[in-house]
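Structure file data.txt (compact mmCIF, C-alpha atoms and all ligand atoms) follows.
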```
# COMPACT_ATOMS: atom_id res chain seq x y z
CA MET A 1 66.15 129.18 239.17
CA PRO A 2 67.26 132.25 237.23
CA GLU A 3 68.45 131.58 233.70
CA PRO A 4 72.25 131.67 233.33
CA ALA A 5 73.52 134.91 231.77
CA ARG A 6 74.01 134.44 228.05
CA GLU A 7 77.42 135.40 226.76
CA PRO A 8 77.13 137.37 223.53
CA LEU A 9 78.56 135.69 220.43
CA LEU A 10 79.79 139.03 219.04
CA VAL A 11 80.13 142.49 220.57
CA ALA A 12 80.85 145.62 218.52
CA ARG A 13 81.73 148.78 220.46
CA ASP A 14 81.69 152.19 218.77
CA VAL A 15 82.78 150.70 215.48
CA SER A 16 83.36 153.32 212.77
CA ARG A 17 84.97 153.30 209.35
CA SER A 18 86.51 156.13 207.37
CA TYR A 19 88.11 156.10 203.96
CA ASP A 20 90.74 158.38 202.59
CA VAL A 21 89.41 159.51 199.22
CA ARG A 22 92.06 161.55 197.41
CA GLY A 23 93.19 163.22 200.63
CA HIS A 24 89.70 163.72 202.10
CA ASP A 25 88.48 161.76 205.09
CA VAL A 26 85.11 160.19 204.18
CA LEU A 27 83.06 158.72 207.02
CA ALA A 28 81.38 155.52 205.78
CA LEU A 29 80.01 154.29 209.10
CA ARG A 30 79.17 156.36 212.18
CA PRO A 31 80.21 154.85 215.55
CA THR A 32 77.88 151.91 216.08
CA SER A 33 77.56 149.42 218.94
CA LEU A 34 75.68 146.14 219.04
CA GLU A 35 75.63 142.69 220.60
CA VAL A 36 74.72 139.42 218.91
CA HIS A 37 73.35 136.58 221.05
CA ALA A 38 72.38 133.02 220.18
CA GLY A 39 68.90 132.97 218.71
CA ASP A 40 69.10 136.57 217.45
CA VAL A 41 68.04 137.59 213.97
CA LEU A 42 69.60 141.04 213.87
CA ALA A 43 68.63 143.24 210.93
CA VAL A 44 70.97 146.11 209.98
CA THR A 45 68.87 148.67 208.13
CA GLY A 46 69.10 152.27 206.97
CA PRO A 47 69.12 154.24 203.74
CA SER A 48 71.57 153.38 200.99
CA GLY A 49 75.09 154.60 201.78
CA THR A 50 74.72 154.59 205.56
CA GLY A 51 77.28 151.83 206.04
CA LYS A 52 75.26 148.59 206.20
CA SER A 53 77.72 146.67 203.99
CA THR A 54 80.64 148.27 205.79
CA LEU A 55 79.31 147.25 209.21
CA VAL A 56 78.57 143.62 208.31
CA SER A 57 81.97 143.28 206.57
CA ILE A 58 83.61 144.48 209.79
CA LEU A 59 81.53 142.10 211.94
CA ALA A 60 82.57 139.24 209.63
CA GLY A 61 86.24 140.20 209.88
CA TRP A 62 86.48 140.98 206.16
CA ASP A 63 87.19 144.65 206.92
CA ARG A 64 88.72 146.44 209.90
CA PRO A 65 87.18 149.37 211.75
CA THR A 66 88.96 152.72 211.81
CA SER A 67 87.97 153.02 215.47
CA GLY A 68 86.16 150.81 217.93
CA THR A 69 86.40 147.07 218.54
CA VAL A 70 84.72 143.81 217.61
CA GLU A 71 85.07 141.03 220.15
CA GLY A 72 83.90 137.46 220.19
CA THR A 73 85.29 134.02 219.59
CA ALA A 74 82.31 132.66 217.71
CA ARG A 75 82.91 131.34 214.20
CA THR A 76 81.32 133.57 211.57
CA VAL A 77 80.45 132.97 207.95
CA PHE A 78 79.71 135.82 205.56
CA VAL A 79 77.80 136.09 202.30
CA PRO A 80 78.91 139.38 200.70
CA GLN A 81 76.85 141.06 198.00
CA ARG A 82 79.31 139.90 195.39
CA LEU A 83 78.73 136.33 196.69
CA ALA A 84 82.33 135.11 196.15
CA LEU A 85 81.39 131.71 194.73
CA LEU A 86 84.25 129.60 193.35
CA ASP A 87 83.85 129.62 189.57
CA THR A 88 85.70 126.35 188.99
CA LEU A 89 83.61 124.32 191.43
CA THR A 90 80.12 123.00 190.72
CA VAL A 91 77.15 124.37 192.64
CA LEU A 92 77.20 121.16 194.72
CA ASP A 93 80.85 121.62 195.70
CA ASN A 94 80.40 125.35 196.28
CA ILE A 95 77.67 124.63 198.82
CA ALA A 96 79.54 121.74 200.44
CA VAL A 97 82.96 123.39 200.57
CA ALA A 98 83.05 124.33 204.26
CA ALA A 99 81.99 120.84 205.41
CA MET A 100 82.64 118.23 202.70
CA GLU A 101 82.08 115.43 205.24
CA ARG A 102 78.39 116.45 205.31
CA ALA A 103 78.05 116.79 201.52
CA ASP A 104 75.16 114.29 201.61
CA GLU A 105 73.07 117.04 203.29
CA VAL A 106 73.51 119.43 200.37
CA PRO A 107 70.65 118.19 198.13
CA SER A 108 67.95 118.80 200.73
CA LEU A 109 69.33 122.24 201.63
CA ALA A 110 69.58 123.09 197.92
CA ALA A 111 65.97 121.95 197.44
CA ALA A 112 64.84 124.21 200.28
CA LEU A 113 66.40 127.12 198.40
CA GLY A 114 65.18 126.05 194.95
CA VAL A 115 68.63 125.33 193.49
CA ASP A 116 68.67 121.51 193.63
CA HIS A 117 68.27 121.27 189.83
CA LEU A 118 71.56 123.17 189.40
CA LEU A 119 73.91 121.03 191.50
CA ASP A 120 76.10 119.86 188.60
CA ARG A 121 76.36 123.31 186.97
CA PHE A 122 79.07 125.89 187.47
CA PRO A 123 78.14 129.27 188.96
CA GLY A 124 78.61 130.97 185.58
CA GLU A 125 75.83 128.78 184.19
CA THR A 126 73.23 130.09 186.65
CA SER A 127 71.31 133.35 187.11
CA LEU A 128 72.28 136.04 189.62
CA GLY A 129 69.28 135.21 191.81
CA GLU A 130 70.22 131.51 191.74
CA ARG A 131 73.83 132.33 192.59
CA GLN A 132 72.64 134.35 195.54
CA ARG A 133 70.66 131.36 196.85
CA VAL A 134 73.70 129.10 196.29
CA GLY A 135 75.78 131.51 198.38
CA LEU A 136 73.17 131.36 201.08
CA ALA A 137 73.08 127.54 200.97
CA ARG A 138 76.87 127.49 201.30
CA ALA A 139 76.69 129.70 204.38
CA LEU A 140 73.92 127.66 206.02
CA HIS A 141 75.73 124.39 205.28
CA ALA A 142 78.75 125.74 207.17
CA ARG A 143 76.66 125.98 210.39
CA ALA A 144 78.72 128.81 211.85
CA ALA A 145 77.64 130.28 215.16
CA VAL A 146 77.00 133.62 213.43
CA THR A 147 75.85 133.78 209.81
CA ILE A 148 76.25 137.27 208.34
CA LEU A 149 74.39 138.16 205.13
CA ASP A 150 74.60 141.30 203.01
CA GLU A 151 71.25 142.00 201.26
CA PRO A 152 70.37 138.29 200.88
CA THR A 153 67.11 139.00 199.03
CA ALA A 154 68.45 141.73 196.71
CA HIS A 155 68.02 139.52 193.64
CA GLN A 156 64.93 137.55 194.74
CA ASP A 157 61.27 137.94 193.83
CA GLY A 158 58.55 137.57 196.45
CA ASP A 159 58.27 133.77 196.24
CA HIS A 160 62.02 133.28 196.45
CA THR A 161 62.31 135.77 199.30
CA ARG A 162 59.91 133.49 201.18
CA LEU A 163 62.15 130.46 200.40
CA VAL A 164 65.16 132.37 201.71
CA LEU A 165 63.37 133.39 204.91
CA ASP A 166 62.11 129.85 205.52
CA ALA A 167 65.64 128.48 205.10
CA LEU A 168 66.97 131.10 207.51
CA ALA A 169 64.21 130.30 210.01
CA ALA A 170 65.43 126.70 210.13
CA THR A 171 68.65 127.97 211.75
CA THR A 172 68.87 126.47 215.22
CA GLN A 173 68.48 128.49 218.41
CA ASP A 174 72.15 128.18 219.37
CA ARG A 175 73.14 130.20 216.32
CA ALA A 176 72.52 133.78 215.19
CA LEU A 177 71.91 135.69 211.98
CA VAL A 178 73.02 139.23 211.15
CA ILE A 179 71.36 140.56 207.99
CA ALA A 180 72.06 143.86 206.22
CA THR A 181 68.84 144.62 204.38
CA HIS A 182 66.51 147.32 203.16
CA ASP A 183 63.77 144.73 202.49
CA ALA A 184 60.82 145.31 204.86
CA VAL A 185 59.84 141.64 204.58
CA VAL A 186 63.24 140.63 205.95
CA VAL A 187 63.13 143.29 208.68
CA GLY A 188 59.74 141.82 209.63
CA VAL A 189 61.30 138.52 210.76
CA ALA A 190 64.10 140.16 212.77
CA THR A 191 64.24 139.85 216.55
CA ALA A 192 66.28 143.09 216.78
CA VAL A 193 67.03 145.99 214.44
CA VAL A 194 70.05 148.29 214.20
CA HIS A 195 69.06 151.33 212.16
CA LEU A 196 71.98 153.25 210.64
CA GLU A 197 71.75 156.97 210.05
CA ALA A 198 73.56 158.85 207.32
CA ALA A 199 77.15 159.63 208.19
CA VAL A 200 77.87 163.33 208.54
CA ALA A 201 79.87 164.64 205.58
CA SER A 202 83.34 165.69 206.64
P1 LIG A 301 75.20 150.70 202.39
O1 LIG A 301 75.52 149.23 202.47
O2 LIG A 301 74.37 151.18 203.55
O3 LIG A 301 74.61 151.12 201.09
P2 LIG A 301 78.10 151.01 202.29
O4 LIG A 301 78.62 150.38 203.53
O5 LIG A 301 78.21 150.25 201.01
O6 LIG A 301 76.59 151.49 202.54
O7 LIG A 301 78.86 152.40 202.07
C1 LIG A 301 78.82 153.41 203.08
C2 LIG A 301 79.53 154.62 202.58
O8 LIG A 301 80.91 154.35 202.41
C3 LIG A 301 79.01 155.11 201.22
O9 LIG A 301 78.89 156.51 201.28
C4 LIG A 301 80.10 154.70 200.27
O10 LIG A 301 80.19 155.60 199.19
C5 LIG A 301 81.33 154.72 201.14
N1 LIG A 301 82.33 153.75 200.69
C6 LIG A 301 82.19 152.42 200.63
N2 LIG A 301 83.32 151.82 200.20
C7 LIG A 301 84.21 152.83 199.98
C8 LIG A 301 85.56 152.89 199.52
N3 LIG A 301 86.23 151.77 199.22
N4 LIG A 301 86.13 154.09 199.42
C9 LIG A 301 85.47 155.21 199.75
N5 LIG A 301 84.18 155.24 200.21
C10 LIG A 301 83.57 154.06 200.30
```

Could you write out this file's structure as structure tokens?
Ligand code: ADP
Amino acid sequence: MPEPAREPLLVARDVSRSYDVRGHDVLALRPTSLEVHAGDVLAVTGPSGTGKSTLVSILAGWDRPTSGTVEGTARTVFVPQRLALLDTLTVLDNIAVAAMERADEVPSLAAALGVDHLLDRFPGETSLGERQRVGLARALHARAAVTILDEPTAHQDGDHTRLVLDALAATTQDRALVIATHDAVVVGVATAVVHLEAAVAS
């Protein structure tokens, strides 16, 4: 029997983004198309300034494209570079926040990411690298169909990059990851790569 056709979780068609900078149109992202299917680990790569953050923000619904469309009904969760942790909640509550009814699962997830000794601290009492892993734990705890990460290893050393990749690898096959990264180690675990080219100056 042939396998049933897999519906994509997310489809972006010719998505571009321009900014008006003091009356000049600045192209931040050239028209880009992609599909995300269950089981995908899609790496978005390219030199700095080619629109990786812009593209993943648009896929996550945190930004809107100037042209093109993003379609899909799958639930997404996004870890932006600035992490967006809640300063007044402990690390435990930050991780649990999307699914408090499963808060008992947080300690083992936190241990997998090397932040289990920080659960009763506030984000401001942790390092940038630790906060990044807390943001990642929060996203994985949410179990969205599509988890979208912007440079998730930017503040990690080699050992902690490995922890991050192992935690991501534990994501089940019915979900997908989209990762903006310039880290070759991360690109190495991707099942597909979208390489962005520099936008043409206008
Ligand atoms: P990358 O993640 O690949 O480094 P970004 O998506 O952050 O790239 O940015 C792509 C381009 O868009 C860059 O040239 C950047 O200067 C520009 N850009 C990003 N945000 C803005 C903004 N708010 N206003 C004007 N230009 C912006």

Compile a residue-level contact table for chain A against ligand LIG 301 (chain A) at a cut-off of 6 Å, reporting for every qualifying residue the shortest atom pair and its distance in Å to one decimal, with only C-alpha atoms and all ligand atoms counted, rows ordered by chain and ascending number, as JSON lines.
```
{"residue": "A:Tyr19", "atom": "CA", "partner": "A:LIG301", "partner_atom": "C9", "distance": 5.0}
{"residue": "A:Val21", "atom": "CA", "partner": "A:LIG301", "partner_atom": "C9", "distance": 5.9}
{"residue": "A:Ala28", "atom": "CA", "partner": "A:LIG301", "partner_atom": "O8", "distance": 3.6}
{"residue": "A:Ser48", "atom": "CA", "partner": "A:LIG301", "partner_atom": "O3", "distance": 3.8}
{"residue": "A:Gly49", "atom": "CA", "partner": "A:LIG301", "partner_atom": "O6", "distance": 3.5}
{"residue": "A:Thr50", "atom": "CA", "partner": "A:LIG301", "partner_atom": "O2", "distance": 4.0}
{"residue": "A:Gly51", "atom": "CA", "partner": "A:LIG301", "partner_atom": "O4", "distance": 3.2}
{"residue": "A:Lys52", "atom": "CA", "partner": "A:LIG301", "partner_atom": "O1", "distance": 3.8}
{"residue": "A:Ser53", "atom": "CA", "partner": "A:LIG301", "partner_atom": "O1", "distance": 3.7}
{"residue": "A:Thr54", "atom": "CA", "partner": "A:LIG301", "partner_atom": "O4", "distance": 3.7}
```

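Here the question is which of A:Val106, A:Val15, A:Val187, A:Leu92 gets nearest to A:Glu71 using only C-alpha atoms, and that residue is A:Val15.
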
5 Å per side around stretch 35-44 of chain A: axis-aligned box centre and edge lengths, as JSON:
```
{"center_x": 71.8, "center_y": 139.5, "center_z": 215.5, "size_x": 17.6, "size_y": 23.1, "size_z": 21.1}
```

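Ranking A:Thr73, A:Thr45, A:Ser67, A:Ser57 by their shortest atom-to-atom distance to A:Pro8, with all atoms listed in the file included, puts A:Thr73 first.
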
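Reported to one decimal place, the separation of atom CA of A:Leu163 from atom CA of A:Leu177 is 16.0 Å.
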
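Residue nearest A:Ser33 within the list A:Val164, A:Val194, A:Val77, A:Val189: A:Val194 [criterion: smallest interatomic distance, all atoms listed in the file].
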
Contact residues around A:Asp120 with all atoms listed in the file at 10 Å, ignoring same-chain residues under 6 positions, as a PyMOL selection string: chain A and resi 89-93
